[in-house]
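K.L.:
Enclosed is the structure file protein23.cif (mmCIF, C-alpha atoms).
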data_work
loop_
_atom_site.label_atom_id
_atom_site.label_comp_id
_atom_site.auth_asym_id
_atom_site.auth_seq_id
_atom_site.Cartn_x
_atom_site.Cartn_y
_atom_site.Cartn_z
CA MET A 27 183.31 250.52 118.97
CA GLY A 28 183.53 254.23 119.67
CA LEU A 29 182.77 253.99 123.39
CA LYS A 30 184.58 256.26 125.79
CA LYS A 31 184.91 255.79 129.50
CA ASN A 32 182.42 257.81 131.42
CA PRO A 33 184.23 259.72 134.21
CA SER A 34 181.52 258.63 136.64
CA ASN A 35 182.35 254.99 135.86
CA MET A 36 186.11 255.26 136.44
CA ASN A 37 187.39 252.82 139.09
CA GLN A 38 183.98 251.21 139.33
CA LYS A 39 183.78 247.54 140.36
CA ILE A 40 181.48 244.90 138.90
CA PHE A 41 180.47 241.66 140.58
CA ILE A 42 179.24 239.00 138.15
CA LYS A 43 177.37 235.93 139.37
CA THR A 44 176.73 233.21 136.80
CA PHE A 45 174.05 230.53 136.91
CA GLY A 46 173.72 227.61 134.51
CA CYS A 47 175.61 226.34 131.52
CA GLN A 48 179.09 226.81 130.10
CA MET A 49 177.69 229.23 127.53
CA ASN A 50 176.66 231.51 130.38
CA GLU A 51 180.21 231.29 131.75
CA TYR A 52 181.54 232.26 128.33
CA ASP A 53 179.04 235.12 128.09
CA SER A 54 179.96 236.39 131.57
CA ASN A 55 183.63 236.51 130.60
CA ARG A 56 182.84 238.40 127.41
CA ILE A 57 180.54 240.81 129.27
CA PHE A 58 183.44 241.68 131.53
CA ASP A 59 185.80 242.08 128.55
CA SER A 60 183.27 244.62 127.26
CA VAL A 61 182.56 246.64 130.43
CA LYS A 62 186.28 246.99 131.11
CA LYS A 63 186.22 249.40 128.18
CA ILE A 64 184.03 251.80 130.18
CA GLY A 65 186.03 251.65 133.39
CA PHE A 66 184.87 248.59 135.33
CA ASP A 67 187.20 246.29 137.25
CA LYS A 68 186.04 242.87 138.42
CA THR A 69 185.56 242.13 142.11
CA GLU A 70 184.97 238.75 143.75
CA HIS A 71 183.27 240.44 146.71
CA TYR A 72 179.61 241.44 146.56
CA GLU A 73 179.93 244.21 149.09
CA ASP A 74 182.62 246.08 147.11
CA ALA A 75 180.57 246.26 143.92
CA ASN A 76 179.23 249.39 142.27
CA CYS A 77 177.53 247.14 139.74
CA TYR A 78 175.95 243.73 140.43
CA LEU A 79 175.24 241.57 137.38
CA LEU A 80 173.37 238.28 137.58
CA ASN A 81 173.71 236.10 134.48
CA THR A 82 170.71 233.79 134.66
CA CYS A 83 169.69 230.37 133.35
CA HIS A 84 166.13 229.27 132.55
CA ILE A 85 166.77 225.52 132.26
CA ARG A 86 166.48 224.47 135.89
CA ASP A 87 163.40 224.50 138.12
CA LYS A 88 162.21 227.76 139.70
CA ALA A 89 164.81 229.76 137.74
CA LYS A 90 162.81 232.98 137.93
CA GLU A 91 162.24 232.74 141.69
CA LYS A 92 165.96 232.14 142.26
CA VAL A 93 166.65 235.49 140.60
CA TYR A 94 164.29 237.37 142.94
CA HIS A 95 165.71 235.49 145.92
CA GLU A 96 169.21 236.56 144.88
CA ILE A 97 168.10 240.19 144.49
CA GLY A 98 166.64 239.99 148.00
CA ARG A 99 170.08 239.00 149.31
CA VAL A 100 171.70 241.92 147.48
CA LYS A 101 169.16 244.34 148.97
CA LYS A 102 170.04 243.18 152.48
CA ILE A 103 173.79 243.50 151.87
CA PHE A 104 173.43 247.04 150.53
CA ARG A 105 170.78 248.17 153.01
CA SER A 106 173.22 250.55 154.72
CA LYS A 107 175.38 251.23 151.65
CA LYS A 108 174.94 253.00 148.35
CA LYS A 109 172.81 250.87 146.03
CA PRO A 110 174.78 249.28 143.16
CA LEU A 111 173.66 249.29 139.54
CA VAL A 112 171.71 245.99 139.30
CA ILE A 113 171.66 244.18 135.95
CA ILE A 114 169.83 240.94 135.15
CA ALA A 115 171.27 239.21 132.08
CA GLY A 116 170.82 235.80 130.45
CA CYS A 117 167.87 233.57 129.65
CA VAL A 118 165.54 234.53 132.52
CA ALA A 119 166.06 238.16 131.49
CA GLN A 120 165.09 237.22 127.93
CA ALA A 121 162.00 235.29 129.00
CA GLU A 122 160.70 237.84 131.52
CA ASN A 123 162.05 241.12 130.02
CA ASP A 124 160.23 244.24 131.30
CA GLU A 125 158.12 242.17 133.73
CA MET A 126 161.23 241.98 135.92
CA LEU A 127 161.50 245.77 136.06
CA LYS A 128 157.84 246.00 137.06
CA ARG A 129 158.01 243.30 139.73
CA GLU A 130 161.31 244.29 141.34
CA PRO A 131 162.13 248.04 141.38
CA TYR A 132 165.62 247.26 142.71
CA ILE A 133 166.54 245.96 139.21
CA ASP A 134 167.85 248.69 136.90
CA LEU A 135 168.66 246.95 133.61
CA VAL A 136 167.48 243.73 131.93
CA ILE A 137 169.63 242.44 129.06
CA GLY A 138 168.97 239.28 127.03
CA PRO A 139 171.72 236.97 125.73
CA GLN A 140 171.63 238.37 122.19
CA ALA A 141 171.99 242.00 123.30
CA TYR A 142 175.36 241.90 125.09
CA HIS A 143 176.91 244.04 122.37
CA LYS A 144 174.70 246.85 123.70
CA ILE A 145 175.70 246.52 127.35
CA ASN A 146 178.20 249.40 127.46
CA ASP A 147 175.81 251.84 125.78
CA THR A 148 172.98 250.62 128.01
CA ILE A 149 175.01 251.20 131.19
CA LEU A 150 176.20 254.62 130.05
CA ASN A 151 172.69 255.68 129.05
CA PHE A 152 171.34 254.58 132.41
CA THR A 153 174.13 256.43 134.25
CA ARG A 154 173.23 259.62 132.40
CA LYS A 155 169.42 259.37 132.34
CA LYS A 156 168.61 257.06 135.28
CA LYS A 157 165.95 255.44 133.09
CA LYS A 158 165.33 251.71 133.57
CA ILE A 159 165.95 249.75 130.38
CA GLU A 160 165.31 246.26 128.97
CA GLU A 161 167.23 245.04 125.91
CA THR A 162 165.96 241.66 124.73
CA GLU A 163 165.93 241.74 120.93
CA PHE A 164 167.47 238.74 119.13
CA ASP A 165 170.55 239.97 117.28
CA ALA A 166 173.23 237.27 117.39
CA VAL A 167 175.03 238.63 114.31
CA SER A 168 175.66 242.07 115.83
CA LYS A 169 176.52 240.53 119.19
CA PHE A 170 179.33 238.37 117.82
CA GLU A 171 180.58 241.03 115.40
CA TYR A 172 180.97 243.34 118.40
CA LEU A 173 182.55 240.72 120.68
CA SER A 174 185.00 239.70 117.95
CA LYS A 175 186.55 243.18 118.23
CA ILE A 176 187.16 242.73 121.95
CA LYS A 177 189.90 240.27 122.88
CA ASN A 178 188.79 237.24 124.88
CA LYS A 179 190.99 237.67 127.95
CA ALA A 180 189.92 234.43 129.68
CA GLY A 181 193.58 233.32 129.97
CA LYS A 182 192.70 229.89 131.42
CA VAL A 183 194.34 226.55 130.65
CA SER A 184 190.90 225.30 129.54
CA SER A 185 188.79 227.93 127.75
CA PHE A 186 185.23 228.02 126.45
CA LEU A 187 184.56 229.29 122.93
CA THR A 188 180.97 229.74 121.76
CA ILE A 189 180.56 228.82 118.08
CA GLN A 190 176.78 228.46 117.80
CA GLU A 191 173.71 229.76 119.62
CA GLY A 192 170.02 229.12 119.58
CA CYS A 193 167.92 226.14 118.59
CA ASP A 194 165.49 225.17 115.83
CA LYS A 195 164.56 221.76 117.29
CA PHE A 196 161.67 222.89 119.56
CA CYS A 197 161.76 219.95 121.94
CA HIS A 198 158.47 220.21 123.83
CA PHE A 199 160.14 220.53 127.26
CA CYS A 200 162.76 223.12 126.31
CA VAL A 201 162.72 226.90 126.62
CA VAL A 202 165.97 227.54 124.69
CA PRO A 203 164.37 228.46 121.32
CA TYR A 204 162.42 231.18 123.14
CA THR A 205 165.32 232.55 125.20
CA ARG A 206 168.26 232.14 122.80
CA GLY A 207 166.41 232.41 119.50
CA PRO A 208 166.91 230.47 116.24
CA GLU A 209 170.12 228.59 115.43
CA TYR A 210 172.96 230.91 114.47
CA SER A 211 176.49 229.80 113.56
CA ARG A 212 179.31 232.30 114.01
CA PRO A 213 181.57 233.01 111.00
CA PHE A 214 184.27 230.36 110.61
CA LYS A 215 187.19 232.83 110.49
CA GLN A 216 185.87 234.74 113.52
CA ILE A 217 185.99 231.55 115.59
CA LEU A 218 189.46 230.58 114.38
CA ASP A 219 190.76 234.06 115.20
CA GLU A 220 189.40 233.77 118.73
CA ALA A 221 190.90 230.27 119.08
CA LYS A 222 194.30 231.59 117.97
CA TYR A 223 194.09 234.42 120.49
CA LEU A 224 193.14 232.02 123.29
CA ALA A 225 196.05 229.74 122.32
CA GLY A 226 198.44 232.68 122.39
CA ASN A 227 197.04 233.73 125.76
CA GLY A 228 197.84 230.43 127.47
CA SER A 229 194.93 228.12 126.67
CA LYS A 230 195.85 224.47 126.13
CA GLU A 231 192.31 223.16 125.78
CA ILE A 232 189.38 224.67 123.90
CA ILE A 233 185.79 223.62 124.58
CA LEU A 234 183.53 224.58 121.68
CA LEU A 235 180.05 225.55 122.88
CA GLY A 236 176.58 225.72 121.40
CA GLN A 237 173.01 224.91 122.32
CA ASN A 238 173.25 222.53 119.36
CA VAL A 239 176.99 222.69 118.83
CA ASN A 240 177.09 219.93 116.20
CA ALA A 241 174.49 221.81 114.14
CA TYR A 242 177.24 224.37 113.37
CA ASP A 243 177.06 225.33 109.70
CA ASN A 244 178.59 228.50 108.29
CA GLU A 245 179.10 228.87 104.54
CA GLY A 246 179.62 225.13 104.19
CA TYR A 247 181.98 224.80 107.17
CA ARG A 248 180.89 222.29 109.80
CA LEU A 249 182.00 221.45 113.34
CA SER A 250 184.37 218.86 111.87
CA ASP A 251 186.16 221.61 109.90
CA LEU A 252 186.53 223.74 113.02
CA ILE A 253 188.03 220.84 115.00
CA LEU A 254 190.54 219.98 112.26
CA ASN A 255 191.62 223.62 111.89
CA ILE A 256 191.92 224.31 115.63
CA GLU A 257 193.94 221.10 115.89
CA LYS A 258 196.63 222.74 113.75
CA LEU A 259 197.38 225.27 116.52
CA PRO A 260 200.49 223.85 118.24
CA GLU A 261 199.63 225.38 121.64
CA ILE A 262 196.29 223.58 121.78
CA LYS A 263 196.59 220.07 123.24
CA ARG A 264 192.91 219.15 123.65
CA ILE A 265 189.59 219.93 121.95
CA ARG A 266 186.09 219.22 123.26
CA TYR A 267 182.57 220.32 122.30
CA THR A 268 179.15 220.43 123.97
CA THR A 269 176.14 220.13 123.80
CA SER A 270 175.22 217.90 120.87
CA HIS A 271 171.94 216.73 119.41
CA PRO A 272 171.69 213.13 118.14
CA ARG A 273 170.15 214.34 114.85
CA ASP A 274 173.26 216.40 114.08
CA MET A 275 175.87 213.69 114.70
CA THR A 276 176.86 213.71 111.02
CA GLU A 277 179.18 211.27 109.24
CA ASP A 278 181.92 213.89 108.79
CA LEU A 279 181.92 214.58 112.55
CA ILE A 280 182.03 210.88 113.39
CA GLU A 281 184.93 210.47 110.95
CA VAL A 282 186.99 213.12 112.80
CA TYR A 283 187.30 210.69 115.72
CA LYS A 284 189.35 208.41 113.45
CA THR A 285 191.95 211.01 112.46
CA SER A 286 192.03 213.69 115.17
CA LYS A 287 194.85 213.52 117.72
CA LYS A 288 193.44 216.29 119.92
CA LEU A 289 189.68 215.65 120.00
CA MET A 290 188.94 214.00 123.34
CA PRO A 291 187.24 210.56 123.39
CA LEU A 292 184.27 211.55 125.58
CA VAL A 293 181.06 212.14 123.60
CA HIS A 294 178.27 213.91 125.49
CA LEU A 295 175.11 213.07 123.55
CA PRO A 296 171.84 213.79 125.39
CA VAL A 297 169.21 211.12 124.77
CA GLN A 298 166.66 212.30 127.41
CA SER A 299 164.70 209.00 127.43
CA GLY A 300 165.15 205.36 126.46
CA SER A 301 161.55 205.13 125.21
CA ASN A 302 160.62 205.88 121.60
CA LYS A 303 157.10 206.77 122.75
CA ILE A 304 158.44 209.42 125.13
CA LEU A 305 161.00 210.68 122.61
CA LYS A 306 158.16 211.25 120.14
CA SER A 307 156.12 213.03 122.82
CA MET A 308 159.16 215.19 123.58
CA ASN A 309 159.55 216.01 119.84
CA ARG A 310 163.18 214.86 119.99
CA LYS A 311 163.21 213.83 116.30
CA HIS A 312 165.35 210.72 116.87
CA THR A 313 164.66 207.14 117.88
CA ILE A 314 166.58 204.89 120.27
CA GLU A 315 167.59 202.71 117.31
CA GLU A 316 169.11 205.73 115.53
CA TYR A 317 170.80 206.83 118.74
CA LEU A 318 172.39 203.43 119.34
CA ASN A 319 173.45 203.24 115.70
CA THR A 320 175.35 206.50 116.12
CA LEU A 321 177.05 205.19 119.27
CA ASP A 322 178.03 201.98 117.46
CA LYS A 323 179.57 203.97 114.59
CA LEU A 324 181.61 206.05 117.02
CA LYS A 325 182.86 203.00 118.92
CA GLU A 326 183.79 201.33 115.65
CA ILE A 327 185.74 204.40 114.56
CA ASN A 328 187.50 204.73 117.92
CA PRO A 329 187.13 202.03 120.62
CA LYS A 330 188.50 204.47 123.26
CA ILE A 331 185.32 206.56 123.07
CA GLU A 332 183.03 206.66 126.12
CA PHE A 333 179.64 208.32 126.41
CA SER A 334 177.77 210.66 128.76
CA SER A 335 174.19 211.82 128.42
CA ASP A 336 171.19 213.71 129.88
CA PHE A 337 167.99 212.09 131.14
CA ILE A 338 164.60 213.62 131.97
CA ILE A 339 162.74 211.31 134.34
CA GLY A 340 158.98 211.40 134.90
CA TYR A 341 158.12 213.16 131.63
CA PRO A 342 154.32 213.41 131.22
CA GLY A 343 152.99 210.09 129.94
CA GLU A 344 155.99 208.04 131.08
CA ASP A 345 154.66 204.64 132.22
CA GLU A 346 156.53 201.76 133.86
CA GLN A 347 157.61 200.28 130.51
CA ASP A 348 158.96 203.65 129.31
CA PHE A 349 160.97 203.90 132.51
CA LYS A 350 162.30 200.34 132.06
CA ASP A 351 163.36 201.24 128.53
CA THR A 352 165.44 204.11 129.93
CA PHE A 353 166.91 201.90 132.65
CA ASN A 354 167.79 199.22 130.08
CA LEU A 355 169.46 201.78 127.81
CA ILE A 356 171.69 202.93 130.67
CA GLU A 357 172.58 199.31 131.48
CA LYS A 358 173.42 198.66 127.82
CA VAL A 359 175.54 201.76 127.08
CA LYS A 360 177.15 202.19 130.52
CA PHE A 361 177.38 205.99 130.33
CA ILE A 362 180.37 207.11 132.40
CA ASN A 363 178.97 210.48 133.50
CA SER A 364 175.43 211.73 133.03
CA TYR A 365 172.93 214.28 134.27
CA SER A 366 169.44 213.22 135.32
CA PHE A 367 166.50 215.32 136.51
CA ILE A 368 162.82 215.02 137.22
CA PHE A 369 160.75 216.79 134.59
CA SER A 370 159.57 220.25 135.55
CA PRO A 371 157.49 222.37 133.15
CA ARG A 372 158.90 225.54 131.59
CA PRO A 373 156.65 228.52 130.83
CA GLY A 374 155.83 228.87 127.16
CA THR A 375 156.73 225.31 126.17
CA VAL A 376 154.34 222.67 124.79
CA ALA A 377 154.96 220.43 127.82
CA GLU A 378 153.95 223.20 130.24
CA ASN A 379 150.32 222.16 130.14
CA LEU A 380 150.74 218.37 130.16
CA ASP A 381 149.54 216.32 133.12
CA LEU A 382 152.37 215.65 135.57
CA ILE A 383 153.23 212.20 136.89
CA GLU A 384 152.80 211.75 140.63
CA ARG A 385 155.85 213.27 142.32
CA LYS A 386 156.49 210.23 144.51
CA ILE A 387 156.74 207.98 141.43
CA SER A 388 159.11 210.38 139.67
CA VAL A 389 161.36 210.59 142.75
CA GLU A 390 161.51 206.80 143.04
CA ARG A 391 162.37 206.46 139.36
CA LEU A 392 165.07 209.13 139.54
CA GLU A 393 166.65 207.37 142.53
CA LYS A 394 166.81 204.10 140.57
CA ILE A 395 168.27 205.84 137.51
CA GLN A 396 170.87 207.73 139.50
CA LYS A 397 171.86 204.58 141.39
CA ILE A 398 172.83 202.82 138.17
CA LEU A 399 174.39 205.96 136.64
CA PHE A 400 176.50 206.49 139.75
CA GLU A 401 177.51 202.81 139.80
CA ASN A 402 178.74 203.19 136.21
CA GLN A 403 180.85 206.20 137.26
CA ILE A 404 182.26 204.38 140.27
CA GLN A 405 183.15 201.30 138.21
CA MET A 406 184.80 203.40 135.48
CA ASN A 407 186.92 205.25 138.03
CA LYS A 408 187.69 202.05 139.94
CA SER A 409 188.97 200.46 136.72
CA LEU A 410 191.60 203.22 136.47
CA GLU A 411 193.20 202.49 139.85
CA ASN A 412 196.89 201.46 139.46
CA LYS A 413 196.79 202.68 135.86
CA ILE A 414 198.54 205.66 134.29
CA VAL A 415 196.35 208.53 133.04
CA ASP A 416 197.22 211.60 130.96
CA VAL A 417 196.24 214.74 132.87
CA LEU A 418 196.01 218.33 131.65
CA VAL A 419 196.96 220.37 134.72
CA GLU A 420 194.61 223.35 135.23
CA ASN A 421 195.57 224.81 138.61
CA LEU A 422 196.53 224.11 142.22
CA THR A 423 194.03 223.15 144.91
CA ASP A 424 192.85 225.92 147.22
CA ASP A 425 195.43 225.08 149.87
CA LYS A 426 198.18 224.92 147.18
CA SER A 427 199.28 221.50 148.43
CA LYS A 428 198.17 219.54 145.34
CA ALA A 429 197.55 220.02 141.64
CA PHE A 430 194.20 219.70 139.88
CA GLY A 431 193.64 218.53 136.33
CA ARG A 432 191.34 216.47 134.14
CA SER A 433 191.64 213.20 132.25
CA GLU A 434 190.73 212.74 128.61
CA TYR A 435 187.26 211.81 129.87
CA MET A 436 186.87 215.07 131.88
CA THR A 437 187.29 213.29 135.23
CA SER A 438 188.75 215.47 137.99
CA ILE A 439 192.19 214.33 139.19
CA ILE A 440 194.07 215.55 142.26
CA PHE A 441 197.73 214.65 142.57
CA ASN A 442 201.11 215.78 143.94
CA GLY A 443 201.86 218.33 141.22
CA LYS A 444 203.32 221.83 141.49
CA LYS A 445 202.73 225.27 140.02
CA SER A 446 205.18 224.68 137.18
CA ASP A 447 203.01 221.78 135.96
CA ILE A 448 200.05 224.07 135.19
CA GLY A 449 199.32 224.02 131.46
CA LYS A 450 201.22 220.79 130.86
CA ILE A 451 200.01 217.28 130.16
CA VAL A 452 201.50 214.96 132.76
CA GLN A 453 201.16 211.28 133.52
CA VAL A 454 199.60 210.34 136.82
CA ARG A 455 199.35 206.89 138.36
CA ILE A 456 195.91 206.58 139.96
CA LYS A 457 195.99 205.36 143.57
CA GLU A 458 192.40 205.89 144.74
CA SER A 459 189.05 206.91 143.32
CA THR A 460 185.62 208.18 144.31
CA ARG A 461 182.58 208.61 142.09
CA ASN A 462 183.67 212.06 140.91
CA THR A 463 187.44 212.24 141.51
CA LEU A 464 190.65 210.32 140.94
CA PHE A 465 193.69 210.67 143.25
CA GLY A 466 197.22 209.84 142.21
CA GLU A 467 200.94 210.57 141.93
CA ILE A 468 202.75 212.18 139.03
CA ILE A 469 205.23 209.86 137.34
CA HIS A 470 206.32 211.53 134.10
CA ASN A 471 206.14 214.91 132.40
CA LEU A 472 205.11 214.60 128.75
CA ASP A 473 205.19 218.29 127.93
CA GLN A 474 208.38 220.05 128.97
CA LYS A 475 207.26 223.40 127.59
CA VAL A 476 206.45 226.01 130.24
CA ALA A 477 202.78 227.01 130.15
#
Produce structure tokens that represent the structure in this file.

P.N.:
Amino acid sequence: MGLKKNPSNMNQKIFIKTFGCQMNEYDSNRIFDSVKKIGFDKTEHYEDANCYLLNTCHIRDKAKEKVYHEIGRVKKIFRSKKKPLVIIAGCVAQAENDEMLKREPYIDLVIGPQAYHKINDTILNFTRKKKKIEETEFDAVSKFEYLSKIKNKAGKVSSFLTIQEGCDKFCHFCVVPYTRGPEYSRPFKQILDEAKYLAGNGSKEIILLGQNVNAYDNEGYRLSDLILNIEKLPEIKRIRYTTSHPRDMTEDLIEVYKTSKKLMPLVHLPVQSGSNKILKSMNRKHTIEEYLNTLDKLKEINPKIEFSSDFIIGYPGEDEQDFKDTFNLIEKVKFINSYSFIFSPRPGTVAENLDLIERKISVERLEKIQKILFENQIQMNKSLENKIVDVLVENLTDDKSKAFGRSEYMTSIIFNGKKSDIGKIVQVRIKESTRNTLFGEIIHNLDQKVA
């Protein structure tokens, strides 16, 4: 790597705020692993920071404006203090690049998601020359080669591991191909080495990440191969992956659910709409019949499997029948946990210029969809009351009085555990439930090994 700490950066503190997806969380952790090499320590307090980094997401509505709003808050906090180095990273940085530097002089550096391997050099160059810089070239290969040389120090019970970035699908509503670039799969051995390091550093669960994670393909290795190899690590108790595309739910991946002991039985498979007409308009490249066929295959392989999904409501052209098709799909599948949003156009996408549905209609439809989705969640959680659930314990609650963990289906569980339970899989009898959380009492420790 060849980077040396700059004396002016010694004992500097960086505050990192992360918006958006799990991949951004992973990236933020790796950014910190990198800037530690040039003398930065992490702080959880804005006001103590010498460097403020905002890792942005372009998926949600008004993403760009949220960035400028956040910078406005930082300006107020540092009005009477020395200005920190201000860095905008992530997908908004990629989409807006040097426009951000022109619009907001308070921003010093703009770094896209495929340029994080350059962050140390970029900071050091700015420190020396005080010249504003934007780095937004797509270079996933160099990024991951660089990050593979820096240990992933996440050290959490449940750790993210990015295996794939970018997208070649070009759904008409989605900005990802423009902000993350084309699909790129990290080298197989590089991922396994990082998984081994995470396992040795205390991780019990690994969540494999990608914009199209099940499109992973590196020299003939697929996601199924990664799962089966990571499963061999004795320290790892659970494996998950997200986010998938229905077109890439291949037979070999489906087959893993028959044999794997560590792959969790929750499949998150975004469908976006229950209408074939809308799916075609979205350029999703799958039909509802194909989607349901995939779900049937998975259920046949492993009846324990449950499903979650994503839904875009009020997509341009969605009529009452299209909406009913989506509603009927949700009734049929009974997704146990899903995300639903009203369509909002993204700059640069095909759907940006389509005629919007009346807002009032979209809001009414979303309310109906969320009502049935939430009822499914409530019923699923209610069905677990007085039953025993396996829980991977992640930490203690803020007041230290209870333990927090997750079920095989990613449901949050709070129970009467203790610090020594962290990192173990324990059995909890569920006493009460809400839509999002289960509450219970520990009854048996399955894993006697200290985390």

K.L.:
Between A:Asp424, A:Asp274, A:Glu220, A:Glu261, which residue has the minimum interatomic distance to A:Val239, considering all atoms listed in the file?

P.N.:
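Looking only at the distances to A:Val239, the closest residue turns out to be A:Asp274.
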
K.L.:
Would you mind reading off the distance between atom CA of A:Glu209 and atom CA of A:Asp194, one decimal, in Å?

P.N.:
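Value for the atom CA of A:Glu209-atom CA of A:Asp194 distance: 5.8 Å.
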
K.L.:
Let me make sure I understand: among A:Thr205, A:Ser388, A:Ser427, A:Thr188, which one has the smallest atom-to-atom distance to A:Arg56 if we use all atoms listed in the file?

P.N.:
A:Thr188

K.L.:
What does the structure give for the distance between atom CA of A:Ile97 and atom CA of A:Gly46, in Å to one decimal?

P.N.:
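So the answer is 17.0 Å.
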
K.L.:
Skipping near chain neighbours, those fewer than 3 positions away, what residues fall within 6 Å of A:Asp134 using only C-alpha atoms, listed as number ranges by chain?

P.N.:
A: 112-113, 158
